[in-house]
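**Q** What follows is a single structure, and I will ask about it in a moment.
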Amino acid sequence: MTLLKKTLVAVSVMAAVSSAQAATPTNEEMWALLQQVQQQLTDVQQQNQQLHVENKNLKTQVEETQQTALEANETVEALAEATEEAVKVASGSANETSIGGYGELHYNNLEDEDGNDTKTVDFHRFVLFFAHEFNDRLRLFSELELEHSIASKSDAGEIELEQAYIEYDINDQHQVKGGVFLTPVGIINETHEPNTFYGTERNAVEKNIIPSTWWSAGAMFSGEIAQGFSYDLAVTSGLNTSLDDSYAVRKGRQKVSKAEAEDLAYTGRLKWTGIPGIELAATVQYQEDITQSLDSSAGSATLFETHAVIQRGDFGLRALYATWDLDGSGPASIGADEQTGWYVEPSYRINDYFGIFTRYSEWDNQAGNSTDTEYEQIDLGVNWWPHRDVVVKLDYQNQDQPAGGESDGFNVGLGYQF
Amino acid sequence: MKNRRGFKYTLGLLFFISLIVNSFTVSARGVYQTNQDFLTETFNDVVPKSKVVWLKGEVASTITEILGHKYAGLRIRYWRNDQRSVWILEEIGKEQPITFGIVIAEEKIETIKVLAFRESRGGEIRHPAFTQQFKQARLDNMQLDRQIDGVSGATLSVRAMTDVAKLALYLDKFTG
């Protein structure tokens with residue numbers, strides 16, 4: 001501003017000097033000229049003050065705008081966070097209760113050596129899981145299953161409570177559960193969603209020897225004792241088989257339905273998953289009395305099972321061996337004192353959508369006798385996963401039965417999990 | 001006689017369990033590292049200011065394609081300096097969200113870690129033997145450029161980690 005003033009004065013003086021040079025002004029003219037210059041200076045000062053006020057106002061407005069923007073940003077941030085929480089709750093990701101399930105529809109077309117056909121279609125399993133977190137350390141898990149579509153007196157179906165247990169974290173690495181749970185044995189007894197295994201039907205060795213799917217009531221400790229090395233120890237209700245059922249272990253499953261609990265079962269499993277794609281495990285179970293003390297000619301029984309699951313790259317291999325040793329003269333008299341089976345199942349994953357497999361199985365629920373009671377089966381087939389949780393299966397099976405019997409045919413399956 | 005035998009077995013079992021429970025300290029469930037500690041460790045104490053990706057339009061649809069479902073949230077926060085971007089992402093294994101920390105450098109995975117595991121099984125995915133499979137993995141046509149060998153019995157946790165690895169690689173490229 002000072003510079004402006006000086007400039008104006010200089011201009012005015014120069015103008016005056018210039019006029020003076022042209023014609024010498026009188027004193028009155030000089031006075032008028034000076035007054036004129038004074039007036040101009042006053043005007044400039046007023047304009048300057050006005051600009052100063054306007055500038056100050058603008059600065060205040062900018063500061064206010066900045067504050068408003070900051071507040072708006074905070075509001076947006078808070079709104080976004082609140083909406084995110086709401087979205088999480090709505091999508092179920094923050095819910096304490098969760099549901100899941102799986103199902104499988106089977107078509108079987110088998111023919112025996114006498115030309116007798118078996119063609120059936122069956123919605124074999126429709127399963128719903130319900131889980132609930134009571135708090136960070138205590139939770140419920142349950143599995144309710146409808147087998148064979150309809151459950152009534154005149155139908156083959158059943159409604160089964162396969163799992164319903166409360167699990168508690170003792171600490172970060174050990175848990176205990178109580179209730180109804182799946183026995184920690186074999187490959188498919190605990191993980192049997194249809195998209196996780198090959199073949200329409202679950203393999204016959206685990207079905208007849210282990211016997212999967214097998215659940216009981218009791219308590220189980222589980223945990224990790226070193227990197228990739230875990231254990232399970234369980235005390236549960238036992239099996240209850242009989243001479244009428246040829247002491248077959250599968251017939252002894254009580255399914256926790258008013259089950260005899262005179263004699264218990266003790267199970268221990270060690271599992272190693274230290275290298276990705278490899279699982280090695282072994283289970284031992286001791287049954288105090290496999291007939292629940294109802295048959296004095298039978299008694300205790302011991303199961304030993306071991307298996308390997310290998311999935312390295314596109315190649316897969318499952319191999320399992322299981323054997324029962326039943327005490328007592330009753331089982332020994334019909335050869336049921338030894339019940340044994342094994343299978344090996346190589347597979348190849350062609351891409352994300354297709355995989356092929358073959359399986360060779362042998363099992364015998366009366367392996368202790370000298371007659372031929374052994375089954376052998378070869379399966380081969382393909383799985384197609386249109387989505388990783390949905391599978392379509394097609395497989396061929398050929399079964400050699402005791403005493404020279406034979407059957408073969410194909411199976412088609414449709415399965416899902418969510 | 002039989003009951004006494006059963007009692008003896010039960011006692012033996014409980015004794016063995018108490019030995020195991022008291023002898024080992026391998027963690028399976030819980031928070032292994034806080035988000036802030038992971039960031040501090042990754043950026044050597046100089047954590048850059050975070051930025052966000054809003055999940056809308058093309059980003060939202062691509063994420064849905066990668067995960068098979070929408071990401072639970074409106075935006076994803078990330079941290080980036082000249083060399084690396086860091087992503088802290090959550091994905092449900094079977095029932096509960098697992099928190100993963102992922103570091104991307106030159107469009108490849110430098111580190112992937114489980115920061116918090118809340119599932120009751122499948123915790124084996126946090127072990128270095130498993131996570132090292134992801135090192136230097138790139139995104140190729142929305143898939144990882146390598147096969148990840150799973151952990152038996154932890155299929156859904158393995159799937160969650162594979163999915164967030166792909167998601168972080170995609171977001172790094174999108175925001176880079």
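Each chain in the structure tokens gets a letter, A, B, ..., in the order shown, and its residues are numbered from 1; ligands are numbered from 1 in order too.
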Identify every residue of chain A that has at least one atom within 7 Å of any atom of chain B, counting only C-alpha atoms, and report the result as a PyMOL selection string.
**A** chain A and resi 80+84+87-88+91+93+98+172-174+191+224-226+228+273+275-279+311-313
**Q** List the spatial neighbours of stretch 324-341 of chain A as a compact mmCIF listing (two decimals) with N, CA and C atoms, in the first residue's frame - criterion: any atom at most 7 Å away, only C-alpha atoms, same-chain residues fewer than 5 positions off excluded.
**A**
```
# COMPACT_ATOMS: atom_id res chain seq x y z
N VAL A 205 -15.22 -100.20 2.90
CA VAL A 205 -14.35 -100.61 4.02
C VAL A 205 -14.66 -99.78 5.26
N ILE A 209 -16.33 -101.80 8.25
CA ILE A 209 -15.35 -102.19 9.25
C ILE A 209 -15.25 -101.15 10.37
N SER A 246 -24.44 -111.53 13.57
CA SER A 246 -23.12 -112.11 13.29
C SER A 246 -22.00 -111.28 13.91
N TYR A 247 -22.30 -110.60 14.98
CA TYR A 247 -21.33 -109.75 15.70
C TYR A 247 -20.70 -108.69 14.79
N SER A 297 -20.91 -114.93 25.97
CA SER A 297 -19.88 -115.58 25.14
C SER A 297 -19.07 -114.55 24.34
N ALA A 298 -19.41 -113.27 24.50
CA ALA A 298 -18.63 -112.21 23.84
C ALA A 298 -18.05 -111.31 24.93
N GLY A 299 -17.23 -110.39 24.55
CA GLY A 299 -16.62 -109.53 25.56
C GLY A 299 -16.03 -108.28 24.96
N SER A 300 -14.82 -107.99 25.36
CA SER A 300 -14.21 -106.74 24.92
C SER A 300 -13.77 -106.82 23.45
N ALA A 301 -13.44 -105.69 22.89
CA ALA A 301 -13.01 -105.65 21.49
C ALA A 301 -12.06 -104.47 21.31
N THR A 302 -11.15 -104.64 20.37
CA THR A 302 -10.19 -103.57 20.11
C THR A 302 -10.15 -103.27 18.62
N LEU A 303 -10.21 -101.99 18.30
CA LEU A 303 -10.11 -101.54 16.90
C LEU A 303 -8.75 -100.86 16.71
N PHE A 304 -8.10 -101.21 15.63
CA PHE A 304 -6.91 -100.48 15.23
C PHE A 304 -7.13 -99.99 13.79
N GLU A 362 -10.91 -104.34 -0.03
CA GLU A 362 -11.17 -105.69 0.48
C GLU A 362 -11.67 -105.56 1.90
N TRP A 363 -12.70 -106.34 2.23
CA TRP A 363 -13.16 -106.34 3.63
C TRP A 363 -13.84 -107.65 3.96
N ASP A 364 -13.79 -107.98 5.22
CA ASP A 364 -14.32 -109.26 5.66
C ASP A 364 -14.75 -109.12 7.12
N ASN A 365 -16.05 -109.26 7.38
CA ASN A 365 -16.53 -109.14 8.77
C ASN A 365 -16.50 -110.48 9.51
N GLN A 366 -16.02 -111.51 8.82
CA GLN A 366 -15.82 -112.81 9.50
C GLN A 366 -14.46 -113.38 9.05
N ALA A 367 -13.46 -112.54 9.21
CA ALA A 367 -12.14 -112.91 8.70
C ALA A 367 -11.47 -113.99 9.54
N GLY A 368 -12.07 -114.30 10.71
CA GLY A 368 -11.46 -115.31 11.58
C GLY A 368 -11.83 -116.73 11.22
N ASN A 369 -12.71 -116.91 10.23
CA ASN A 369 -13.10 -118.29 9.87
C ASN A 369 -12.26 -118.78 8.69
```
**Q** Using only C-alpha atoms, determine which residues lie at most 6 Å from stretch 354-357 of chain A, disregarding the query and same-chain residues fewer than 4 positions distant; provide the list as a PyMOL selection string.
**A** chain A and resi 346-350+380-384
**Q** Quick one: write out the picked residues with N, CA and C atoms as a PDB file, in the first residue's frame?
**A**
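As written to disk, out.pdb reads:
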```pdb
ATOM      1  N   PRO A 346      -6.049 -94.173  -5.601  1.00  0.00           N
ATOM      2  CA  PRO A 346      -5.341 -93.091  -6.284  1.00  0.00           C
ATOM      3  C   PRO A 346      -6.311 -92.219  -7.084  1.00  0.00           C
ATOM      4  N   SER A 347      -5.967 -90.947  -7.227  1.00  0.00           N
ATOM      5  CA  SER A 347      -6.840 -90.049  -8.002  1.00  0.00           C
ATOM      6  C   SER A 347      -5.999 -88.990  -8.707  1.00  0.00           C
ATOM      7  N   TYR A 348      -6.616 -88.372  -9.693  1.00  0.00           N
ATOM      8  CA  TYR A 348      -5.917 -87.318 -10.431  1.00  0.00           C
ATOM      9  C   TYR A 348      -6.898 -86.197 -10.730  1.00  0.00           C
ATOM     10  N   ARG A 349      -6.497 -85.000 -10.360  1.00  0.00           N
ATOM     11  CA  ARG A 349      -7.347 -83.824 -10.591  1.00  0.00           C
ATOM     12  C   ARG A 349      -6.950 -83.221 -11.939  1.00  0.00           C
ATOM     13  N   ILE A 350      -7.822 -83.351 -12.924  1.00  0.00           N
ATOM     14  CA  ILE A 350      -7.486 -82.877 -14.277  1.00  0.00           C
ATOM     15  C   ILE A 350      -7.414 -81.353 -14.301  1.00  0.00           C
ATOM     16  N   LEU A 380     -14.188 -97.231 -10.273  1.00  0.00           N
ATOM     17  CA  LEU A 380     -13.491 -96.173 -11.006  1.00  0.00           C
ATOM     18  C   LEU A 380     -14.528 -95.183 -11.505  1.00  0.00           C
ATOM     19  N   GLY A 381     -14.145 -93.918 -11.523  1.00  0.00           N
ATOM     20  CA  GLY A 381     -15.154 -92.932 -11.895  1.00  0.00           C
ATOM     21  C   GLY A 381     -14.599 -91.527 -11.996  1.00  0.00           C
ATOM     22  N   VAL A 382     -15.536 -90.609 -12.154  1.00  0.00           N
ATOM     23  CA  VAL A 382     -15.173 -89.209 -12.360  1.00  0.00           C
ATOM     24  C   VAL A 382     -16.047 -88.324 -11.471  1.00  0.00           C
ATOM     25  N   ASN A 383     -15.448 -87.264 -10.956  1.00  0.00           N
ATOM     26  CA  ASN A 383     -16.189 -86.214 -10.257  1.00  0.00           C
ATOM     27  C   ASN A 383     -16.154 -84.956 -11.119  1.00  0.00           C
ATOM     28  N   TRP A 384     -17.269 -84.287 -11.202  1.00  0.00           N
ATOM     29  CA  TRP A 384     -17.325 -82.993 -11.905  1.00  0.00           C
ATOM     30  C   TRP A 384     -17.835 -81.957 -10.914  1.00  0.00           C
TER      31      TRP A 384
END
```
**Q** Restricting the calculation to only C-alpha atoms, which member of A:Arg253, A:His192, A:Arg137, A:Lys271 is positioned closest to A:Asp232?
**A**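 Going through A:Arg253, A:His192, A:Arg137, A:Lys271 one by one, the smallest distance to A:Asp232 is for A:Lys271.
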